[in-house]
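Before any comments, here is the structure.
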Amino acid sequence: MNAVKPIKSVDDLVKAGLATPAHRAALEAVTARYAITLTPEITRLIDRADPNDPIARQFVPDAAELVVAPEERADPIGDHAHSPVEGIVHRYPDRVLLKAVHICPVYCRFCFRREMVGPQGLGTLDAAAMEAAFDYIGSHQEIWEVILTGGDPLVLSPRRLREIMKALANISHVKIVRFHTRVPVVDPEKIDAALIAALKASGKTVYVALHANHPRELTMEARAACARLVDAGIVMVSQSVLLKGINDDPAILADLMKAFVENRVKPYYLHHPDLAPGTGHFRLTIEEGQRIVAALRGQISGLCQPTYILDIPGGHGKAVVSGSTVQATGDGCYSVSDYRGGEHSYPPA
C-alpha cells in the first residue's frame with residue numbers, strides 16, 4: 001500500500017492498516033497528548049505482517065505511552081535549566097542549541113522533547129525571538145558552534161534557512177553550524193539543490209547529524225539524499241537511540257553503523273533512551289546497553305563505532321556510558337559523573 005499523504009490521525013492509521021478500530025479509543029488518548037505524523041516514505045517501510053515491526057514501533061502510537069513512570073519528566077535532559085533566552089540552550093561553554101522550530105516531519109514515539117514538539121508544542125520562533133537569539137549568540141564570544149535542532153530544522157523552507165545562515169555568517173566567532181535532522185530518511189526528496197544551497201554560509205563549516213535507528217531506514221532514496229549533501233561538501237555524522245525491540249541487537253546495530261559508513265556518514269552518538277514521559281517500553285537497562293555496545297568491539301571496523309552516551313537528567317550534560325563515568329550502585333541505580341566532575345544519581349531520586 002502506497003500512502004499519498006502523511007498520516008496525521010488515528011483515522012488515517014486505521015485506513016492505512018496500521019491500527020484497528022478496537023484500539024481507536026486508546027490511540028486517540030495518546031494522540032491527544034503527543035503529536036503524530038508519518039510521512040509516505042515511512043508508511044511504505046512498515047511491514048504490516050510483523051506485529052513488532054521496528055519501523056512501526058518508532059512512529060505508530062502505542063497505548064503504552066499513557067503509562068508514565070515516577071522517574072520520567074517533561075524536560076528529561078534539562079533544556080529549560082540552561083535556556084537564557086527563548087530558543088537557546090547554552091549547556092556547554094563553546095556551543096549552543098538554537099531551537100528555531102518545534103515541528104517535525106515525523107514524530108518519534110520515544111522523543112525526549114515530546115512535551116515540546118508538534119502542533120501543541122512551542123511552535124516556531126517569531127522574528128523578535130530569532131533576533132534575540134542571534135543577539136545572545138553574537139554577544140558570547142565563547143560560542144564556537146551553533147546546533148540547530150528543535151523540532152527538525154530542515155522542515156523550514158530554503159528561504160528561512162538562508163535567513164538563519166545569513167545571520168550566523170555575520171557572527172565571526174561562530175565557526176561550526178550543525179543541523180540535527182531526520183529529513184534525509186523520512187522525506188528524502190526535500191533534500192534538493194535549493195535546500196542544500198541554503199545550508200551554506202561564508203566562513204562556516206556545516207555538519208548534518210542524521211538521526212536513524214534501524215538499517216531499513218536507509219533506503220535507496222535516503223542514501224541518495226545523503227550523497228547529495230556530502231557531494232556538496234557538507235559533513236555528515238549520525239545519531240541513534242538504543243531502543244528495546246528496535247535495535248537492541250548487536251547484529252542490527254552493526255548493520256546500521258556499517259550502512260552509515262558506507263554512505264559517508266560517520267557514526268557519532270548512540271543515546272541511552274531519555275526519561276521522557278510514557279517511553280518506558282523503549283528503555284533498556286544500562287547493563288543491557290553496555291553488553292550490546294561491547295559486542296560491537298572487534299566485530300566491526302573502528303570507523304563504525306559510535307559513542308554510547310547518557311544525557312544526565314537535570315541538564316548536567318552527557319556521560320559516556322561505556323566509560324568510568326557511570327558506575328552501578330545497586331538496585332538498578334547508578335552514580336554518573338558529569339563533565340565538571342559533579343556526581344548524580346540515575347535515575348534521579
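Letters A, B, ... go to the chains of the C-alpha cells in the order shown; residues in each chain start at 1; ligands are counted from 1 in the same order.
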Could you give me, as number ranges by chain, the residues within 10 Å of His80 of chain A, counting only C-alpha atoms and dropping anything in the same chain fewer than 6 positions from it? A: 86-90, 314-315
With N, CA and C atoms retained, could you export that selection as a PDB file, in the first residue's frame?
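Resulting contents of result_21.pdb:
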```
ATOM      1  N   GLU A  86      14.614  32.673  24.845  1.00  0.00           N
ATOM      2  CA  GLU A  86      13.771  31.726  24.123  1.00  0.00           C
ATOM      3  C   GLU A  86      14.507  31.164  22.901  1.00  0.00           C
ATOM      4  N   GLY A  87      14.467  29.835  22.770  1.00  0.00           N
ATOM      5  CA  GLY A  87      15.066  29.182  21.609  1.00  0.00           C
ATOM      6  C   GLY A  87      16.523  28.817  21.754  1.00  0.00           C
ATOM      7  N   ILE A  88      17.189  29.277  22.814  1.00  0.00           N
ATOM      8  CA  ILE A  88      18.607  28.983  23.029  1.00  0.00           C
ATOM      9  C   ILE A  88      18.761  28.065  24.239  1.00  0.00           C
ATOM     10  N   VAL A  89      19.610  27.036  24.093  1.00  0.00           N
ATOM     11  CA  VAL A  89      20.047  26.222  25.221  1.00  0.00           C
ATOM     12  C   VAL A  89      21.567  26.311  25.255  1.00  0.00           C
ATOM     13  N   HIS A  90      22.109  26.830  26.341  1.00  0.00           N
ATOM     14  CA  HIS A  90      23.561  27.035  26.466  1.00  0.00           C
ATOM     15  C   HIS A  90      24.066  26.196  27.639  1.00  0.00           C
ATOM     16  N   GLY A 314      18.369  16.531  34.404  1.00  0.00           N
ATOM     17  CA  GLY A 314      18.564  17.775  35.134  1.00  0.00           C
ATOM     18  C   GLY A 314      19.437  18.782  34.431  1.00  0.00           C
ATOM     19  N   GLY A 315      19.967  18.427  33.236  1.00  0.00           N
ATOM     20  CA  GLY A 315      20.744  19.396  32.472  1.00  0.00           C
ATOM     21  C   GLY A 315      22.226  19.387  32.758  1.00  0.00           C
TER      22      GLY A 315
END
```
Near-Asn247 of chain A list (8 Å; only C-alpha atoms; drop same-chain fewer than 6 positions) as a compact mmCIF listing (two decimals) with all heavy atoms, in the first residue's frame:
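After the write, part_4.txt holds the following:
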```txt
# COMPACT_ATOMS: atom_id res chain seq x y z
N PRO A 54 10.04 -2.91 13.47
CA PRO A 54 10.83 -1.87 14.13
C PRO A 54 10.59 -0.46 13.59
O PRO A 54 10.84 0.52 14.31
CB PRO A 54 12.28 -2.31 13.87
CG PRO A 54 12.20 -3.17 12.65
CD PRO A 54 10.89 -3.87 12.73
N ASN A 213 17.64 4.89 13.29
CA ASN A 213 17.79 3.88 14.35
C ASN A 213 17.77 2.44 13.85
O ASN A 213 18.07 1.53 14.63
CB ASN A 213 16.65 4.04 15.36
CG ASN A 213 16.69 5.38 16.05
OD1 ASN A 213 17.74 5.83 16.50
ND2 ASN A 213 15.55 6.06 16.10
N HIS A 214 17.43 2.24 12.57
CA HIS A 214 17.36 0.87 12.04
C HIS A 214 17.87 0.90 10.61
O HIS A 214 17.59 1.85 9.86
CB HIS A 214 15.92 0.36 12.09
CG HIS A 214 15.81 -1.12 11.87
ND1 HIS A 214 15.79 -1.67 10.60
CD2 HIS A 214 15.73 -2.14 12.75
CE1 HIS A 214 15.69 -2.99 10.72
NE2 HIS A 214 15.66 -3.30 12.00
N LEU A 253 22.49 -3.41 15.14
CA LEU A 253 23.25 -2.19 15.38
C LEU A 253 24.48 -2.14 14.47
O LEU A 253 24.83 -1.08 13.92
CB LEU A 253 23.66 -2.12 16.84
CG LEU A 253 23.85 -0.75 17.45
CD1 LEU A 253 22.61 0.11 17.30
CD2 LEU A 253 24.25 -0.88 18.92
```
Write out as an mmCIF file with N, CA and C atoms, in the first residue's frame the residues lying within 12 Å of Val155 of chain A, counting only C-alpha atoms and excluding same-chain residues fewer than 6 positions away.
```cif
data_model
loop_
_atom_site.group_PDB
_atom_site.id
_atom_site.type_symbol
_atom_site.label_atom_id
_atom_site.label_comp_id
_atom_site.auth_asym_id
_atom_site.auth_seq_id
_atom_site.Cartn_x
_atom_site.Cartn_y
_atom_site.Cartn_z
ATOM 1 N N ALA A 100 14.940 26.699 16.506
ATOM 2 C CA ALA A 100 14.179 27.660 15.697
ATOM 3 C C ALA A 100 12.754 27.203 15.444
ATOM 4 N N VAL A 101 12.529 25.904 15.508
ATOM 5 C CA VAL A 101 11.215 25.356 15.168
ATOM 6 C C VAL A 101 10.969 24.119 16.030
ATOM 7 N N HIS A 102 9.713 23.895 16.402
ATOM 8 C CA HIS A 102 9.366 22.737 17.223
ATOM 9 C C HIS A 102 8.412 21.795 16.475
ATOM 10 N N ILE A 103 8.498 21.824 15.167
ATOM 11 C CA ILE A 103 7.711 20.943 14.305
ATOM 12 C C ILE A 103 8.659 19.920 13.678
ATOM 13 N N CYS A 104 8.155 18.702 13.454
ATOM 14 C CA CYS A 104 8.958 17.642 12.837
ATOM 15 C C CYS A 104 8.196 17.045 11.652
ATOM 16 N N PRO A 105 8.929 16.445 10.699
ATOM 17 C CA PRO A 105 8.244 15.768 9.595
ATOM 18 C C PRO A 105 7.606 14.455 10.039
ATOM 19 N N VAL A 106 8.164 13.846 11.110
ATOM 20 C CA VAL A 106 7.597 12.663 11.758
ATOM 21 C C VAL A 106 7.765 12.869 13.259
ATOM 22 N N THR A 124 7.136 27.844 16.288
ATOM 23 C CA THR A 124 8.320 28.367 15.603
ATOM 24 C C THR A 124 8.662 29.729 16.189
ATOM 25 N N LEU A 148 21.503 23.567 15.302
ATOM 26 C CA LEU A 148 20.077 23.762 15.038
ATOM 27 C C LEU A 148 19.336 22.457 15.236
ATOM 28 N N THR A 149 18.379 22.512 16.144
ATOM 29 C CA THR A 149 17.614 21.331 16.484
ATOM 30 C C THR A 149 16.202 21.797 16.786
ATOM 31 N N LEU A 161 15.894 29.043 6.005
ATOM 32 C CA LEU A 161 17.226 28.539 6.318
ATOM 33 C C LEU A 161 18.302 29.523 5.868
ATOM 34 N N PHE A 179 23.234 20.862 11.886
ATOM 35 C CA PHE A 179 21.791 20.642 11.778
ATOM 36 C C PHE A 179 21.484 19.199 12.181
ATOM 37 N N HIS A 180 20.561 19.026 13.124
ATOM 38 C CA HIS A 180 20.123 17.687 13.515
ATOM 39 C C HIS A 180 18.782 17.410 12.851
ATOM 40 N N THR A 181 18.692 16.278 12.135
ATOM 41 C CA THR A 181 17.527 16.085 11.268
ATOM 42 C C THR A 181 17.239 14.615 10.996
ATOM 43 N N ARG A 182 15.975 14.359 10.691
ATOM 44 C CA ARG A 182 15.549 13.067 10.142
ATOM 45 C C ARG A 182 15.153 13.191 8.674
ATOM 46 N N VAL A 183 15.136 14.383 8.138
ATOM 47 C CA VAL A 183 14.569 14.612 6.810
ATOM 48 C C VAL A 183 15.183 13.742 5.714
ATOM 49 N N PRO A 184 16.516 13.551 5.650
ATOM 50 C CA PRO A 184 17.035 12.711 4.555
ATOM 51 C C PRO A 184 16.463 11.299 4.537
ATOM 52 N N VAL A 186 13.253 10.446 6.174
ATOM 53 C CA VAL A 186 11.781 10.391 6.182
ATOM 54 C C VAL A 186 11.139 11.195 5.057
ATOM 55 N N ASP A 187 11.895 12.108 4.439
ATOM 56 C CA ASP A 187 11.382 12.907 3.321
ATOM 57 C C ASP A 187 12.545 13.252 2.391
ATOM 58 N N PRO A 188 13.179 12.241 1.806
ATOM 59 C CA PRO A 188 14.448 12.460 1.094
ATOM 60 C C PRO A 188 14.366 13.429 -0.077
ATOM 61 N N LYS A 190 13.028 16.195 -0.194
ATOM 62 C CA LYS A 190 13.172 17.570 0.283
ATOM 63 C C LYS A 190 14.637 18.025 0.236
ATOM 64 N N ILE A 191 15.567 17.062 0.230
ATOM 65 C CA ILE A 191 16.996 17.403 0.175
ATOM 66 C C ILE A 191 17.346 17.679 -1.287
ATOM 67 N N LEU A 195 17.610 23.555 -0.984
ATOM 68 C CA LEU A 195 17.816 23.386 0.448
ATOM 69 C C LEU A 195 19.306 23.287 0.770
#
```
Quick check for you: according to DSSP on this backbone, which residues of segment 159-341 of chain A are classed as alpha helix (DSSP H)? Reply as number ranges by chain. A: 159-169, 183-186, 193-198, 220-231, 250-262, 286-296
Write out as a VMD selection string all residues of segment 142-231 of chain A that DSSP puts in strand (DSSP E) for this structure's backbone. chain A and resid 145 to 149 176 to 181 205 to 211
Taking 6 positions as the minimum chain separation for residues in the same chain, which residues sit within 9 Å of Pro158 of chain A when counting only C-alpha atoms? Answer as an MDAnalysis selection string. chainID A and resid 194:199
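Residue nearest Ala227 of chain A within the list A:Ser157, A:Glu262, A:Ile36, A:Val206: A:Glu262 [criterion: smallest interatomic distance, only C-alpha atoms].
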